[in-house]
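Colleague: For reference, the file final.cif (mmCIF, C-alpha atoms and all ligand atoms) is included below:
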```
data_my_file
loop_
_atom_site.label_atom_id
_atom_site.label_comp_id
_atom_site.auth_asym_id
_atom_site.auth_seq_id
_atom_site.Cartn_x
_atom_site.Cartn_y
_atom_site.Cartn_z
CA MET A 1 14.73 -5.96 6.15
CA ASN A 2 16.36 -2.99 4.47
CA PRO A 3 15.58 -0.17 6.95
CA LYS A 4 16.91 2.61 4.73
CA LEU A 5 14.71 1.69 1.76
CA PHE A 6 11.77 1.02 4.11
CA GLN A 7 12.07 4.45 5.72
CA SER A 8 12.44 6.28 2.44
CA ILE A 9 9.28 4.60 1.08
CA CYS A 10 7.34 5.31 4.31
CA ASN A 11 8.48 8.89 4.68
CA ALA A 12 7.69 9.97 1.11
CA PRO A 13 4.38 11.87 0.95
CA GLY A 14 1.75 10.21 -1.25
CA ILE A 15 -1.87 11.19 -0.89
CA PRO A 16 -4.27 9.62 -3.45
CA GLY A 17 -3.64 11.20 -6.84
CA PHE A 18 -0.28 12.62 -5.73
CA GLU A 19 1.88 9.51 -5.41
CA ASP A 20 4.88 10.72 -7.45
CA ALA A 21 7.40 10.81 -4.59
CA VAL A 22 6.69 7.15 -3.75
CA GLN A 23 6.62 6.12 -7.41
CA GLU A 24 10.04 7.68 -8.00
CA ILE A 25 11.60 5.47 -5.31
CA ALA A 26 9.94 2.33 -6.71
CA ALA A 27 10.89 3.30 -10.27
CA GLU A 28 14.54 3.63 -9.34
CA ILE A 29 14.58 0.03 -8.04
CA PHE A 30 12.43 -1.36 -10.88
CA GLU A 31 14.90 0.13 -13.38
CA THR A 32 17.56 -2.19 -11.93
CA CYS A 33 15.54 -5.41 -12.02
CA CYS A 34 12.72 -5.14 -14.60
CA ASP A 35 12.83 -5.30 -18.41
CA THR A 36 10.55 -2.30 -18.82
CA VAL A 37 9.26 0.36 -16.43
CA THR A 38 6.26 2.47 -17.41
CA ARG A 39 3.71 4.86 -15.91
CA ASP A 40 0.12 4.68 -17.12
CA PRO A 41 -2.21 7.70 -17.46
CA LEU A 42 -3.45 7.37 -13.85
CA GLY A 43 0.09 7.26 -12.45
CA ASN A 44 0.39 3.51 -11.80
CA LEU A 45 4.01 2.41 -12.00
CA ILE A 46 4.37 -0.89 -13.85
CA GLY A 47 7.62 -2.86 -13.82
CA LEU A 48 7.57 -5.81 -16.22
CA LYS A 49 10.01 -8.63 -15.60
CA LYS A 50 9.81 -10.97 -18.54
CA ALA A 51 9.80 -14.77 -18.25
CA LYS A 52 13.29 -16.18 -18.72
CA ALA A 53 12.13 -19.72 -19.21
CA ALA A 54 8.60 -19.96 -20.62
CA SER A 55 7.99 -23.40 -22.12
CA LYS A 56 8.63 -23.41 -25.85
CA GLY A 57 5.79 -22.43 -28.16
CA THR A 58 3.52 -21.27 -25.35
CA GLN A 59 2.93 -17.73 -24.22
CA ALA A 60 4.14 -17.00 -20.72
CA LEU A 61 1.50 -16.57 -18.02
CA LYS A 62 0.86 -13.02 -16.86
CA VAL A 63 1.18 -12.62 -13.11
CA MET A 64 0.39 -9.27 -11.49
CA LEU A 65 1.52 -8.08 -8.07
CA ALA A 66 -0.09 -4.87 -6.85
CA ALA A 67 0.72 -2.74 -3.83
CA HIS A 68 -0.88 0.65 -3.46
CA ALA A 69 1.39 3.65 -3.01
CA ASP A 70 -1.19 6.08 -1.63
CA GLU A 71 -2.01 6.90 1.99
CA PRO A 72 -5.28 8.37 3.28
CA ALA A 73 -4.66 12.07 3.82
CA MET A 74 -6.03 15.54 3.15
CA MET A 75 -6.04 18.44 0.69
CA VAL A 76 -6.28 22.22 1.20
CA ALA A 77 -9.88 23.25 0.40
CA ARG A 78 -9.82 26.94 1.36
CA ILE A 79 -8.24 29.51 3.65
CA ASP A 80 -10.82 31.07 5.97
CA GLY A 81 -11.16 34.66 7.23
CA LYS A 82 -8.88 33.97 10.19
CA GLY A 83 -6.13 32.50 8.05
CA MET A 84 -6.92 28.92 9.06
CA ILE A 85 -6.87 26.12 6.50
CA LYS A 86 -10.07 24.19 5.87
CA PHE A 87 -9.27 20.82 4.35
CA ARG A 88 -10.91 18.01 2.49
CA LEU A 89 -10.29 14.32 3.18
CA VAL A 90 -8.77 12.18 0.47
CA GLY A 91 -9.28 8.63 1.75
CA GLY A 92 -10.40 7.40 5.16
CA VAL A 93 -8.99 9.72 7.82
CA ASN A 94 -10.74 9.53 11.19
CA PRO A 95 -11.72 13.00 12.59
CA VAL A 96 -10.95 11.88 16.16
CA MET A 97 -7.45 10.74 15.22
CA ALA A 98 -6.79 13.79 13.03
CA GLN A 99 -7.18 16.24 15.91
CA SER A 100 -3.99 17.55 17.54
CA GLN A 101 -1.82 16.08 14.78
CA ARG A 102 1.04 18.01 13.22
CA VAL A 103 0.83 18.07 9.44
CA LEU A 104 2.92 18.93 6.40
CA ILE A 105 1.38 20.95 3.57
CA HIS A 106 3.06 20.12 0.27
CA THR A 107 2.88 23.30 -1.79
CA GLY A 108 5.39 22.40 -4.49
CA ALA A 109 8.10 24.49 -2.80
CA LYS A 110 11.23 22.68 -1.66
CA LYS A 111 10.15 22.61 1.98
CA PRO A 112 6.58 21.80 3.02
CA ILE A 113 4.68 24.24 5.27
CA ARG A 114 4.17 22.90 8.79
CA GLY A 115 0.83 23.12 10.56
CA CYS A 116 -1.31 21.63 13.35
CA ILE A 117 -4.87 20.33 13.20
CA VAL A 118 -6.48 22.31 16.00
CA PRO A 119 -8.36 20.11 18.50
CA LYS A 120 -12.13 20.52 18.92
CA ASP A 121 -14.77 18.21 20.47
CA ALA A 122 -14.82 14.43 20.30
CA ASP A 123 -17.89 14.38 18.02
CA THR A 124 -16.45 16.95 15.60
CA LYS A 125 -16.87 16.33 11.91
CA ILE A 126 -13.83 16.72 9.69
CA ASP A 127 -15.50 19.73 7.98
CA ASP A 128 -15.35 21.63 11.27
CA LEU A 129 -11.62 21.15 11.79
CA ARG A 130 -8.98 23.70 10.80
CA ILE A 131 -5.21 23.74 10.39
CA ASP A 132 -3.26 26.55 12.05
CA THR A 133 0.12 27.36 10.47
CA GLY A 134 0.89 30.45 12.52
CA PHE A 135 0.94 32.55 9.35
CA SER A 136 -1.45 35.46 8.69
CA LYS A 137 -4.21 34.99 6.10
CA GLU A 138 -2.39 37.28 3.65
CA LYS A 139 0.94 35.48 3.98
CA LEU A 140 -0.68 32.03 3.86
CA GLU A 141 -2.46 32.89 0.62
CA THR A 142 0.88 33.60 -1.02
CA LEU A 143 2.42 30.36 0.30
CA VAL A 144 -0.30 27.69 -0.01
CA PRO A 145 -2.17 27.04 -3.28
CA LEU A 146 -5.64 25.51 -2.90
CA GLY A 147 -5.45 21.78 -3.66
CA SER A 148 -2.09 21.30 -1.94
CA PRO A 149 -1.75 17.77 -0.49
CA ILE A 150 -1.47 17.47 3.31
CA THR A 151 0.13 14.54 5.16
CA ILE A 152 0.54 13.75 8.85
CA ASP A 153 3.99 14.88 10.06
CA GLU A 154 5.15 11.51 11.37
CA ASP A 155 8.09 9.49 10.05
CA ALA A 156 8.55 5.71 10.41
CA SER A 157 10.73 4.66 13.33
CA VAL A 158 11.45 1.68 15.57
CA LEU A 159 9.01 1.55 18.48
CA ASN A 160 10.68 -1.24 20.45
CA GLY A 161 12.66 -4.30 19.41
CA LYS A 162 11.51 -5.33 15.93
CA MET A 163 8.22 -3.40 16.10
CA TRP A 164 8.04 -0.29 13.93
CA VAL A 165 5.57 2.60 14.14
CA GLY A 166 4.50 4.88 11.29
CA ARG A 167 1.65 6.95 9.90
CA ASN A 168 1.04 4.96 6.72
CA PHE A 169 2.08 1.30 7.06
CA ASP A 170 -1.18 0.69 5.16
CA ASN A 171 0.21 0.45 2.61
CA ARG A 172 3.85 1.52 2.56
CA VAL A 173 4.72 -1.80 4.20
CA GLY A 174 3.10 -3.53 1.22
CA ASN A 175 4.79 -1.18 -1.21
CA TYR A 176 8.18 -1.86 0.36
CA CYS A 177 7.56 -5.64 0.19
CA LEU A 178 6.77 -5.40 -3.53
CA VAL A 179 9.86 -3.35 -4.33
CA GLU A 180 12.16 -5.48 -2.17
CA ALA A 181 10.75 -8.73 -3.61
CA MET A 182 11.40 -7.49 -7.14
CA ARG A 183 14.95 -6.66 -6.10
CA GLN A 184 15.49 -10.18 -4.71
CA VAL A 185 13.61 -12.41 -7.16
CA GLY A 186 15.56 -14.67 -9.54
CA ASP A 187 14.51 -15.81 -13.02
CA THR A 188 10.84 -16.62 -13.46
CA HIS A 189 8.82 -18.75 -15.89
CA VAL A 190 6.05 -16.14 -16.00
CA ASP A 191 5.85 -12.49 -17.01
CA VAL A 192 5.67 -10.56 -13.76
CA TYR A 193 3.90 -7.19 -13.75
CA ALA A 194 4.87 -5.39 -10.55
CA VAL A 195 2.38 -2.57 -10.06
CA SER A 196 2.82 0.21 -7.55
CA SER A 197 -0.81 1.27 -7.78
CA VAL A 198 -2.44 4.64 -7.15
CA GLN A 199 -5.70 5.82 -5.57
CA GLU A 200 -6.56 2.60 -3.71
CA GLU A 201 -7.80 4.51 -0.70
CA VAL A 202 -10.48 6.27 -2.75
CA GLY A 203 -11.90 3.14 -4.40
CA LEU A 204 -9.22 0.91 -5.96
CA ARG A 205 -9.07 3.22 -8.95
CA GLY A 206 -5.47 2.61 -10.03
CA ALA A 207 -5.48 -1.17 -9.78
CA ARG A 208 -8.71 -1.35 -11.80
CA ALA A 209 -7.09 0.56 -14.67
CA ALA A 210 -3.82 -1.40 -14.47
CA ALA A 211 -5.50 -4.81 -14.41
CA GLY A 212 -7.72 -3.80 -17.35
CA ARG A 213 -4.60 -3.07 -19.34
CA ILE A 214 -2.52 -6.08 -18.23
CA LEU A 215 -5.32 -8.70 -18.09
CA PRO A 216 -3.36 -10.95 -15.73
CA ASP A 217 -3.97 -14.71 -15.36
CA MET A 218 -3.20 -14.65 -11.64
CA ALA A 219 -2.49 -11.88 -9.16
CA LEU A 220 -1.71 -10.98 -5.59
CA ALA A 221 -2.54 -7.69 -3.95
CA ILE A 222 -0.12 -6.78 -1.17
CA ASP A 223 -1.63 -4.85 1.71
CA GLY A 224 -1.75 -4.82 5.50
CA SER A 225 -3.42 -7.70 7.38
CA MET A 226 -5.80 -6.72 10.20
CA THR A 227 -4.57 -7.73 13.63
CA LYS A 228 -5.56 -8.16 17.20
CA GLY A 229 -4.80 -4.93 19.08
CA ALA A 230 -5.34 -3.06 22.32
CA TYR A 231 -9.17 -2.95 22.20
CA ASP A 232 -11.89 -5.05 20.57
CA ASP A 233 -10.36 -7.70 18.33
CA GLY A 234 -13.54 -8.35 16.31
CA ASP A 235 -12.89 -11.05 13.74
CA ASN A 236 -9.22 -10.17 13.43
CA LEU A 237 -7.15 -13.34 13.27
CA CYS A 238 -3.57 -12.17 12.77
CA GLU A 239 -0.98 -11.36 15.38
CA PRO A 240 2.15 -9.30 14.74
CA GLY A 241 5.38 -11.30 14.74
CA LYS A 242 3.65 -14.51 13.65
CA GLY A 243 4.14 -14.28 9.91
CA THR A 244 2.66 -12.83 6.75
CA GLY A 245 -1.13 -12.80 6.48
CA ILE A 246 -2.86 -14.68 3.66
CA TYR A 247 -6.39 -13.37 3.01
CA MET A 248 -9.15 -15.95 2.73
CA ILE A 249 -11.84 -13.26 2.55
CA ASP A 250 -12.32 -9.51 2.94
CA ASN A 251 -15.23 -7.10 2.49
CA LEU A 252 -14.75 -6.93 -1.28
CA THR A 253 -13.12 -10.21 -2.33
CA ILE A 254 -13.31 -13.91 -1.65
CA GLY A 255 -9.74 -15.11 -2.10
CA HIS A 256 -9.58 -17.86 -4.74
CA PRO A 257 -9.80 -20.94 -2.45
CA LYS A 258 -7.31 -23.01 -4.45
CA LEU A 259 -4.85 -20.13 -4.58
CA VAL A 260 -5.14 -19.56 -0.82
CA LYS A 261 -4.54 -23.28 -0.23
CA SER A 262 -1.54 -23.30 -2.57
CA LEU A 263 0.00 -20.26 -0.83
CA PHE A 264 -0.32 -22.05 2.51
CA ALA A 265 1.37 -25.17 1.05
CA MET A 266 4.11 -23.05 -0.50
CA CYS A 267 4.84 -21.22 2.77
CA LYS A 268 4.99 -24.56 4.58
CA LYS A 269 7.42 -25.96 2.00
CA TYR A 270 9.78 -22.99 2.22
CA LYS A 271 9.32 -22.49 5.99
CA ILE A 272 7.88 -18.98 5.59
CA PRO A 273 5.94 -17.92 8.72
CA HIS A 274 2.33 -17.30 7.70
CA GLN A 275 -1.18 -16.98 9.12
CA LEU A 276 -4.75 -16.83 7.89
CA ASN A 277 -6.34 -13.39 7.58
CA ILE A 278 -9.81 -11.87 7.26
CA GLY A 279 -9.26 -8.45 5.71
CA GLY A 280 -10.94 -5.12 5.03
CA GLY A 281 -10.76 -4.54 1.28
CA THR A 282 -7.88 -4.29 -1.17
CA ASP A 283 -6.82 -3.86 -4.80
CA ALA A 284 -7.57 -7.61 -5.20
CA ALA A 285 -11.27 -6.78 -5.72
CA ALA A 286 -10.56 -4.58 -8.73
CA ILE A 287 -8.06 -7.04 -10.21
CA GLN A 288 -10.38 -10.03 -9.74
CA GLN A 289 -13.10 -8.30 -11.75
CA CYS A 290 -10.95 -7.18 -14.69
CA PRO A 291 -12.33 -8.19 -18.11
CA GLY A 292 -12.28 -11.99 -18.24
CA GLY A 293 -11.68 -12.29 -14.48
CA CYS A 294 -8.53 -13.21 -12.59
CA ILE A 295 -7.42 -15.63 -9.87
CA VAL A 296 -6.49 -13.46 -6.87
CA THR A 297 -6.08 -13.03 -3.19
CA THR A 298 -4.21 -10.62 -0.94
CA VAL A 299 -1.15 -11.18 1.25
CA GLY A 300 0.62 -8.86 3.65
CA ALA A 301 2.26 -8.24 6.98
CA PRO A 302 -0.09 -7.64 9.91
CA VAL A 303 -0.51 -3.91 10.57
CA ARG A 304 -2.00 -2.88 13.92
CA TYR A 305 -4.21 0.22 14.11
CA MET A 306 -4.57 0.64 10.34
CA HIS A 307 -5.86 4.03 9.21
CA SER A 308 -4.57 5.63 12.40
CA THR A 309 -1.45 7.80 12.67
CA VAL A 310 0.30 5.18 14.85
CA GLN A 311 0.33 1.99 12.80
CA LEU A 312 2.54 -0.83 14.09
CA CYS A 313 4.28 -3.52 12.07
CA HIS A 314 6.82 -6.23 12.96
CA ALA A 315 10.02 -6.50 10.89
CA ASP A 316 9.86 -10.32 10.79
CA ASP A 317 6.42 -10.19 9.16
CA ILE A 318 7.73 -7.79 6.55
CA ASP A 319 10.58 -10.20 5.75
CA ALA A 320 8.13 -13.13 5.62
CA THR A 321 5.97 -11.22 3.11
CA VAL A 322 8.98 -10.51 0.89
CA ALA A 323 9.96 -14.21 1.06
CA LEU A 324 6.42 -15.29 0.10
CA LEU A 325 6.37 -12.92 -2.89
CA VAL A 326 9.77 -14.10 -4.14
CA LYS A 327 8.80 -17.79 -3.93
CA PHE A 328 5.41 -17.05 -5.46
CA MET A 329 6.98 -15.42 -8.52
CA GLU A 330 9.63 -18.12 -8.94
CA ASN A 331 7.04 -20.93 -8.64
CA ALA A 332 4.03 -19.23 -10.23
CA HIS A 333 4.06 -21.40 -13.38
CA GLU A 334 3.83 -24.64 -11.36
CA LEU A 335 1.47 -23.21 -8.81
CA TYR A 336 -0.88 -22.04 -11.56
CA ALA A 337 -0.74 -25.38 -13.37
CA ASN A 338 -1.60 -27.22 -10.14
CA LEU A 339 -4.67 -25.05 -9.54
CA GLY A 340 -6.32 -26.84 -12.47
CA CYS A 341 -8.31 -23.74 -13.40
ZN ZN A 401 -4.39 -0.58 2.09
#
```
Could I get this structure in the form of structure tokens?
Ligand SMILES: [Zn+2]
Modeller:
Amino acid sequence: MNPKLFQSICNAPGIPGFEDAVQEIAAEIFETCCDTVTRDPLGNLIGLKKAKAASKGTQALKVMLAAHADEPAMMVARIDGKGMIKFRLVGGVNPVMAQSQRVLIHTGAKKPIRGCIVPKDADTKIDDLRIDTGFSKEKLETLVPLGSPITIDEDASVLNGKMWVGRNFDNRVGNYCLVEAMRQVGDTHVDVYAVSSVQEEVGLRGARAAAGRILPDMALAIDGSMTKGAYDDGDNLCEPGKGTGIYMIDNLTIGHPKLVKSLFAMCKKYKIPHQLNIGGGTDAAAIQQCPGGCIVTTVGAPVRYMHSTVQLCHADDIDATVALLVKFMENAHELYANLGC
């Protein structure tokens, strides 16, 4: 794992629709390893690495990898009579978890404004919560434009051993894995479209647009895998430290069974630690349903306590995910041929 790159990707603010800071980091790396790097009208960043060795006379397969750059967060809705900020959710933030958090308000000035989400009752709705910045109403109105993005003030750090903690490992872990895999991958026999997608947390909006433009033959979404944790485990299968998760099903997608099987075989062959996952919902759903359809599933390191402000992820699982992505790209032509689809 490359901790410096990982931390810079995790610590960049990127609420849905405002992913520029994350995209700039990914773009800088894609410039060094892709043939073209473009942004589409929604803000998706697309690095295209062309096939070096497509078989003569045939068009190279199009393989898409997508990792969303956004994190569920908030936006300034209005400043009330007491000079407190009322905010609107952008993506799935839990009102219980939001209370008592410190936040950063990104106003466009060099330094964000710091604030705290003032605690209320346990059954409080997000609409009832306010952010206190310590500034007067008059001063605040000069500093904070309505619509400013708000993120939780929590940087990624090592919790203990190889376990990291951060506010947005869904999906900055996935985003890091995509970027790092592109940095490491050798020549491929397929055209690889590496997409750092936008607005996943508000309904897979970016990936839908990107897939509609690319029309890939085969794709992987890269996202967190749900894990067993401190409380009810539900159907969660994955455990941190035991390898990258390969989705067989989630709430929006049934992973292509032959692709899932092939990924398991590939991981076995290259000794990449892996485990089966039942997931929540990812960009894979939007990609699968692009015009003409696409063979997809999702892969990703287990992330404990997703959509909380204390998400945990194990460094070995991050490395395993990068290894899977690299081998997938390098073997995608054979893997696809063997699917017999
Ligand atoms: Zn996600």
Colleague: List as number ranges by chain the protein and nucleic acid residues near Asn2 (chain A), meaning an atom at most 10 Å away when all atoms listed in the file are counted, but skip any in the same chain fewer than 4 places from it.
Modeller: A: 6-7, 176, 180, 315, 319
Colleague: Work out how far apart CA of Leu276 (chain A) and CA of Asp316 (chain A) are and give it in Å to one decimal.
Modeller: 16.3 Å
Colleague: Considering all atoms listed in the file, state which residue in the set A:Lys271, A:Met329, A:Gly212, A:Phe169 is at the smallest distance from Tyr305 (chain A).
Modeller: A:Phe169
Colleague: Please produce, as a Markdown table, a per-residue contact table for chain A versus ligand ZN 401 (chain A) (criterion: any atom at most 6 Å away, all atoms listed in the file considered), showing the nearest atom pair and its distance in Å to one decimal, sorted by chain then residue number.
Modeller:
```
| residue | atom | partner | partner_atom | distance |
| --- | --- | --- | --- | --- |
| A:Asp170 | CA | A:ZN401 | ZN | 4.6 |
| A:Asn171 | CA | A:ZN401 | ZN | 4.7 |
| A:Asp223 | CA | A:ZN401 | ZN | 5.1 |
```
Colleague: Just checking: using only C-alpha atoms, which residue out of A:Arg130, A:Arg114, A:His256, A:Arg213 ends up closest to Gly81 (chain A)?
Modeller: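 Nearest to Gly81 (chain A): A:Arg130.
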Colleague: Could the residues of region 284-309 of chain A that have an atom at most 10 Å from region 145-166 of chain A be listed as CSV, each with its closest atom pair and the distance in Å to one decimal, counting all atoms listed in the file and ordered by chain and ascending residue number?
Modeller:
```
residue,atom,partner,partner_atom,distance
A:Val303,CA,A:Val165,CA,9.6
A:Arg304,CA,A:Val165,CA,9.3
A:Ser308,CA,A:Gly166,CA,9.2
A:Thr309,CA,A:Gly166,CA,6.8
```
Colleague: Between A:Ala181, A:Val192, A:Met64, A:Val173, which one has atoms that come closest to Pro3 (chain A), using only C-alpha atoms?
Modeller: A:Val173
Colleague: Out of A:Gly186, A:Gly280, A:Gly134, A:Gly292, which residue has the shortest atom-to-atom distance to Ala53 (chain A) when counting all atoms listed in the file?
Modeller: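 Among the listed residues, A:Gly186 lies closest to Ala53 (chain A).
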Colleague: What gap, in Å, lies between CA of Asn338 (chain A) and CA of Met182 (chain A)?
Modeller: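 Spanning CA of Asn338 (chain A) to CA of Met182 (chain A) is a straight-line distance of 23.8 Å.
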Colleague: Looking at only C-alpha atoms, which of A:Ile113, A:Cys290, A:Val296, A:Leu104 is the one that sits closest to Ile254 (chain A)?
Modeller: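 Selected residue with least distance to Ile254 (chain A): A:Val296.
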Colleague: Rank A:Ala122, A:Leu220, A:Val310, A:Met226 by their smallest atom-to-atom distance to Gln101 (chain A), using only C-alpha atoms, and report the top residue only.
Modeller: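 With only C-alpha atoms as the atom set, the closest residue is A:Val310.
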